[in-house]
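Here's the structure we're looking at; comments come further down.
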Number of protein chains: 2
Amino acid sequence: MNTFDPTMKSQRTLVPVDVSTVQDRVYQSLRLGLLKGEFLPGEQVSIRALAEVFGTSPMPVREAVARLIAERAIEQSGPRTLRVAPYLASDHENYIRVRMQLEGYAAERAASAPKNPAFIDALRRHNDSIQEALEIRDFDAALAGNQAFHFEIYRAGGYPQLLDIISTLWLRTGPIVASARKDEGLFYRIFNNGVRIHANVIEAIIQRDRAAARRAINLDLRSSHLSIRRFYQRASAEAGG
Amino acid sequence: MNTFDPTMKSQRTLVPVDVSTVQDRVYQSLRLGLLKGEFLPGEQVSIRALAEVFGTSPMPVREAVARLIAERAIEQSGPRTLRVAPYLASDHENYIRVRMQLEGYAAERAASAPKNPAFIDALRRHNDSIQEALEIRDFDAALAGNQAFHFEIYRAGGYPQLLDIISTLWLRTGPIVASARKDEGLFYRIFNNGVRIHANVIEAIIQRDRAAARRAINLDLRSSHLSIRRFYQRASAEAGG
DNA sequence: CTTTGAGATATGTGATCACACATCTTAAAT
DNA sequence: ATTTAAGATGTGTGATCACATATCTCAAAG
């Protein structure tokens, strides 16, 4: 019997192989790069240059970029030029308002869910990791911890569709927050504040106080927005004077 | 003097030409088609077939589809197959919940804006056009009128970013609502109800009653959702029996 | 020194081709 | 008549090429 016997499958160690496409991996890589602050707001990007970095032809990059354009993370700034969405104070403020609606709603839902000690532990762990990262000046880890903290909440409270939309909004505002690493003072101001506010978020969730959870999340968003706005105002004032 | 004089520009009738790309026009066409119900939920689509219809190479369609995939209007249902996002009761319900948050918020803002007679007139006109379209069985016009009514509100109350996100959500749920044209009874149930509820929306905006405006919009969304869900339940029950 | 214009370079866009691989058709074998 | 396998067809994916054009470089003309 030299025909393949499918019933032997369970005795083997073979496992499904990765069937993702190149454009998917390029997309995920670009997405992560945007969230990690490897691109600055307003920075020009080139399809061919990215393709060279990834070691692919321009083709998969084109498709990935088309998706990022649809998500407003990348935009066409001219006839044949692409750039990361730049920082515009009023646009950013509007996005923050929308995020307050959606993330506040998700926080409410997380706070009204049945008590879950593992969930609370995870939140504390994420928040501690931000604190520790700040102490050793590891900005990457601080950003990652902040993202993990927020999405832990949104995953808990939300259905996938809400999470998906919030993710898109993070992708739009991500490069702006991440660019705070350019100024150490700004970075510490945002995240030291963040750690304190996160503690309030955790407390509200423990108390299952929906309104307090929404307020705390909204405060977190608003205060980091204000810090960033002030930073850019001063930067442009210095450049102008 | 045979050199071109730019100051003469205003005396000429020349006007900027259309510089949009083919992929943009393809994208807009597909988007409109989805909102008008020319595609059924779950229907398979083919890049090459669409390219033939548009009279282009597959290339611009690929980019346009990549953007629609990012907006979750089209999805990959298999290794090499694309389809319009199908109707899934629970997914749709989740989208409706998110839409109630965002569109309710936009309605609140529209209701708290300064009085604007032209705005109220436009709303009445849109709602009347739905009513008239129903009387002559013009489903296309009814759908268009409904869309115009809602976006008149969201444009009035919202900043562009909020409008943009709401548009994306309409693109996801659009084919589902539009598919109601497949069943005349369902269609009339949704839109006769809609016209009545819209009147309440208008009244709330006139009274500048934020809470009432949000409630009315939410009722509109919820009731059409329930009609559609009941329709699909009965359809699948008949198919199963 | 300033301005103009030609040439070089780099860009996104679109078309075409090649490929691997699902799915469907069809005919042969049991 | 049913099952099976081979062939045909159609799919998205990726690479490569061609093109128009925006931007930059730099030298010549004013």
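Letters for chains follow the order of the structure tokens (A, B, ...), residue numbers begin at 1 for each chain, and ligand numbers begin at 1 in the order shown.
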* Asked: Hey, what's within 12 Å of DA18 of chain C if we count only C-alpha atoms (C1' of nucleotides) and toss same-chain stuff fewer than 5 positions away? As JSON, numbers by chain, please?
  -> {"D": [13, 14, 15, 16]}
Excluding same-chain residues fewer than 5 positions from Gln161 of chain A, what lies within 12 Å of it counting only C-alpha atoms (C1' of nucleotides), as a compact mmCIF listing (two decimals) with N, CA and C atoms, in the first residue's frame?
```
# COMPACT_ATOMS: atom_id res chain seq x y z
N LEU A 102 -16.16 56.31 20.52
CA LEU A 102 -16.08 54.86 20.31
C LEU A 102 -15.32 54.15 21.43
N ALA A 106 -16.62 51.55 24.20
CA ALA A 106 -16.01 50.23 24.44
C ALA A 106 -15.62 50.08 25.91
N TYR A 154 -10.59 47.20 24.85
CA TYR A 154 -11.53 47.24 23.73
C TYR A 154 -11.89 45.84 23.27
N ARG A 155 -10.94 44.92 23.43
CA ARG A 155 -11.23 43.54 23.06
C ARG A 155 -12.21 42.94 24.04
N ILE A 166 -11.95 50.96 15.69
CA ILE A 166 -11.00 51.62 16.60
C ILE A 166 -9.57 51.41 16.11
N SER A 167 -9.28 50.20 15.62
CA SER A 167 -7.94 49.92 15.10
C SER A 167 -7.59 50.85 13.96
N THR A 168 -8.55 51.07 13.08
CA THR A 168 -8.31 51.97 11.95
C THR A 168 -8.00 53.37 12.44
N GLU B 71 -11.81 48.47 3.29
CA GLU B 71 -13.03 49.04 3.89
C GLU B 71 -14.03 47.97 4.26
N ARG B 72 -13.65 46.69 4.07
CA ARG B 72 -14.49 45.55 4.43
C ARG B 72 -15.77 45.48 3.60
N SER B 90 -25.46 38.41 13.02
CA SER B 90 -24.80 38.95 14.22
C SER B 90 -23.84 40.07 13.84
N ASP B 91 -23.09 39.89 12.74
CA ASP B 91 -22.20 40.95 12.29
C ASP B 91 -22.98 42.23 12.00
N HIS B 92 -24.10 42.05 11.30
CA HIS B 92 -24.88 43.21 10.91
C HIS B 92 -25.41 43.94 12.15
N GLU B 93 -25.84 43.17 13.12
CA GLU B 93 -26.34 43.77 14.35
C GLU B 93 -25.24 44.57 15.04
N ASN B 94 -24.03 44.04 15.03
CA ASN B 94 -22.91 44.77 15.64
C ASN B 94 -22.63 46.07 14.90
N TYR B 95 -22.68 46.01 13.60
CA TYR B 95 -22.47 47.23 12.83
C TYR B 95 -23.55 48.26 13.13
N ILE B 96 -24.78 47.78 13.26
CA ILE B 96 -25.88 48.70 13.58
C ILE B 96 -25.62 49.38 14.92
N ARG B 97 -25.10 48.62 15.89
CA ARG B 97 -24.83 49.22 17.20
C ARG B 97 -23.78 50.34 17.07
N VAL B 98 -22.73 50.06 16.31
CA VAL B 98 -21.70 51.09 16.13
C VAL B 98 -22.29 52.29 15.40
N ARG B 99 -23.12 52.00 14.39
CA ARG B 99 -23.71 53.10 13.65
C ARG B 99 -24.62 53.93 14.54
N LEU B 169 -19.05 52.86 7.02
CA LEU B 169 -20.01 51.92 7.58
C LEU B 169 -21.20 51.72 6.64
N ARG B 172 -20.36 49.24 4.07
CA ARG B 172 -20.39 47.84 4.50
C ARG B 172 -21.82 47.32 4.58
```
* **Which of segment 49-157 of chain A fall in helix (DSSP H, G or I), as number ranges by chain** => A: 49-54, 58-70, 89-112, 117-135, 139-157
I need the residues from that last selection saved to file as a PDB file, in the first residue's frame (with C-alpha atoms), if you can.
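Generated file (part_39.pdb):
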```pdb
ATOM      1  CA  ALA A  49      11.967  52.362  -2.163  1.00  0.00           C
ATOM      2  CA  LEU A  50       9.761  50.315   0.162  1.00  0.00           C
ATOM      3  CA  ALA A  51       9.840  47.404  -2.265  1.00  0.00           C
ATOM      4  CA  GLU A  52      13.621  47.505  -2.153  1.00  0.00           C
ATOM      5  CA  VAL A  53      13.603  47.434   1.647  1.00  0.00           C
ATOM      6  CA  PHE A  54      11.203  44.495   1.700  1.00  0.00           C
ATOM      7  CA  PRO A  58       6.831  47.037  -6.276  1.00  0.00           C
ATOM      8  CA  MET A  59       3.655  45.083  -6.960  1.00  0.00           C
ATOM      9  CA  PRO A  60       2.753  43.840  -3.448  1.00  0.00           C
ATOM     10  CA  VAL A  61       3.682  47.221  -1.997  1.00  0.00           C
ATOM     11  CA  ARG A  62       1.266  48.928  -4.358  1.00  0.00           C
ATOM     12  CA  GLU A  63      -1.629  46.834  -3.122  1.00  0.00           C
ATOM     13  CA  ALA A  64      -0.644  47.273   0.511  1.00  0.00           C
ATOM     14  CA  VAL A  65      -0.354  51.020   0.076  1.00  0.00           C
ATOM     15  CA  ALA A  66      -3.726  51.129  -1.672  1.00  0.00           C
ATOM     16  CA  ARG A  67      -5.242  49.605   1.442  1.00  0.00           C
ATOM     17  CA  LEU A  68      -3.462  52.062   3.712  1.00  0.00           C
ATOM     18  CA  ILE A  69      -4.736  54.913   1.553  1.00  0.00           C
ATOM     19  CA  ALA A  70      -8.256  53.605   2.013  1.00  0.00           C
ATOM     20  CA  ALA A  89      -4.272  70.177  14.705  1.00  0.00           C
ATOM     21  CA  SER A  90      -7.949  70.488  13.780  1.00  0.00           C
ATOM     22  CA  ASP A  91      -8.096  67.116  12.015  1.00  0.00           C
ATOM     23  CA  HIS A  92      -6.420  65.441  14.925  1.00  0.00           C
ATOM     24  CA  GLU A  93      -8.818  67.032  17.358  1.00  0.00           C
ATOM     25  CA  ASN A  94     -11.743  65.738  15.315  1.00  0.00           C
ATOM     26  CA  TYR A  95     -10.329  62.253  15.324  1.00  0.00           C
ATOM     27  CA  ILE A  96      -9.887  62.457  19.070  1.00  0.00           C
ATOM     28  CA  ARG A  97     -13.550  63.370  19.430  1.00  0.00           C
ATOM     29  CA  VAL A  98     -14.634  60.358  17.397  1.00  0.00           C
ATOM     30  CA  ARG A  99     -12.261  58.151  19.331  1.00  0.00           C
ATOM     31  CA  MET A 100     -13.722  59.415  22.597  1.00  0.00           C
ATOM     32  CA  GLN A 101     -17.158  58.325  21.408  1.00  0.00           C
ATOM     33  CA  LEU A 102     -16.084  54.856  20.311  1.00  0.00           C
ATOM     34  CA  GLU A 103     -13.400  54.060  22.842  1.00  0.00           C
ATOM     35  CA  GLY A 104     -15.517  55.503  25.602  1.00  0.00           C
ATOM     36  CA  TYR A 105     -18.334  53.242  24.508  1.00  0.00           C
ATOM     37  CA  ALA A 106     -16.008  50.231  24.438  1.00  0.00           C
ATOM     38  CA  ALA A 107     -14.743  51.099  27.920  1.00  0.00           C
ATOM     39  CA  GLU A 108     -18.307  51.296  29.203  1.00  0.00           C
ATOM     40  CA  ARG A 109     -18.972  47.842  27.887  1.00  0.00           C
ATOM     41  CA  ALA A 110     -15.785  46.468  29.431  1.00  0.00           C
ATOM     42  CA  ALA A 111     -16.783  47.970  32.768  1.00  0.00           C
ATOM     43  CA  SER A 112     -20.237  46.449  32.687  1.00  0.00           C
ATOM     44  CA  PRO A 117      -9.677  38.744  37.607  1.00  0.00           C
ATOM     45  CA  ALA A 118      -7.458  37.607  34.716  1.00  0.00           C
ATOM     46  CA  PHE A 119      -8.582  40.646  32.753  1.00  0.00           C
ATOM     47  CA  ILE A 120      -7.741  43.012  35.595  1.00  0.00           C
ATOM     48  CA  ASP A 121      -4.364  41.343  36.043  1.00  0.00           C
ATOM     49  CA  ALA A 122      -3.571  41.774  32.372  1.00  0.00           C
ATOM     50  CA  LEU A 123      -4.440  45.475  32.553  1.00  0.00           C
ATOM     51  CA  ARG A 124      -2.183  45.951  35.592  1.00  0.00           C
ATOM     52  CA  ARG A 125       0.618  44.096  33.856  1.00  0.00           C
ATOM     53  CA  HIS A 126       0.366  46.260  30.745  1.00  0.00           C
ATOM     54  CA  ASN A 127       0.320  49.448  32.777  1.00  0.00           C
ATOM     55  CA  ASP A 128       3.291  48.319  34.851  1.00  0.00           C
ATOM     56  CA  SER A 129       5.192  47.533  31.664  1.00  0.00           C
ATOM     57  CA  ILE A 130       4.696  51.136  30.541  1.00  0.00           C
ATOM     58  CA  GLN A 131       6.045  52.384  33.869  1.00  0.00           C
ATOM     59  CA  GLU A 132       9.067  50.108  33.676  1.00  0.00           C
ATOM     60  CA  ALA A 133       9.731  51.044  30.062  1.00  0.00           C
ATOM     61  CA  LEU A 134       9.732  54.719  30.998  1.00  0.00           C
ATOM     62  CA  GLU A 135      12.306  54.076  33.715  1.00  0.00           C
ATOM     63  CA  PHE A 139      10.112  54.209  24.106  1.00  0.00           C
ATOM     64  CA  ASP A 140       9.226  51.307  21.864  1.00  0.00           C
ATOM     65  CA  ALA A 141       8.180  49.232  24.842  1.00  0.00           C
ATOM     66  CA  ALA A 142       6.192  52.121  26.327  1.00  0.00           C
ATOM     67  CA  LEU A 143       4.236  52.594  23.123  1.00  0.00           C
ATOM     68  CA  ALA A 144       3.642  48.860  22.825  1.00  0.00           C
ATOM     69  CA  GLY A 145       2.495  48.666  26.454  1.00  0.00           C
ATOM     70  CA  ASN A 146       0.098  51.560  25.971  1.00  0.00           C
ATOM     71  CA  GLN A 147      -1.374  49.964  22.893  1.00  0.00           C
ATOM     72  CA  ALA A 148      -1.685  46.613  24.650  1.00  0.00           C
ATOM     73  CA  PHE A 149      -3.459  48.257  27.593  1.00  0.00           C
ATOM     74  CA  HIS A 150      -6.047  50.000  25.475  1.00  0.00           C
ATOM     75  CA  PHE A 151      -6.749  47.078  23.192  1.00  0.00           C
ATOM     76  CA  GLU A 152      -7.057  44.729  26.123  1.00  0.00           C
ATOM     77  CA  ILE A 153     -10.020  46.862  27.164  1.00  0.00           C
ATOM     78  CA  TYR A 154     -11.533  47.244  23.727  1.00  0.00           C
ATOM     79  CA  ARG A 155     -11.230  43.537  23.058  1.00  0.00           C
ATOM     80  CA  ALA A 156     -12.943  42.762  26.332  1.00  0.00           C
ATOM     81  CA  GLY A 157     -15.829  45.149  25.904  1.00  0.00           C
TER      82      GLY A 157
END
```
* To do: At a cut-off of 10 Å, list the chain B residues touching chain C, using only C-alpha atoms (C1' of nucleotides), as a list of chain:residue names.
  => B:Thr21, B:Val22, B:Gln23, B:Thr56, B:Ser57, B:Pro58, B:Met59, B:Pro60, B:Gly78, B:Pro79, B:Arg80, B:Thr81
* Have a look at D:DA18, D:DT23, D:DG10, D:DT4 and name the one nearest to chain A; count only C-alpha atoms (C1' of nucleotides). =>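 Of D:DA18, D:DT23, D:DG10, D:DT4, the one nearest chain A, counting only C-alpha atoms (C1' of nucleotides), is D:DT23.
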* For Leu82 of chain B, please output as a VMD selection string all residues within 7 Å (counting only C-alpha atoms (C1' of nucleotides); exclusion window: fewer than 5 positions along the same chain). => chain B and resid 44 to 46 74 to 77
* Which value, in Å to one decimal, gives the distance between atom CA of Glu238 of chain B and atom CA of Pro41 of chain B? ->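 Taking atom CA of Glu238 of chain B as the start and atom CA of Pro41 of chain B as the end point, the length is 18.7 Å.
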* Find the distance between atom CA of Leu226 of chain B and atom CA of Ile197 of chain B and write it in Å to one decimal. =>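 Separation of atom CA of Leu226 of chain B and atom CA of Ile197 of chain B: 14.7 Å.
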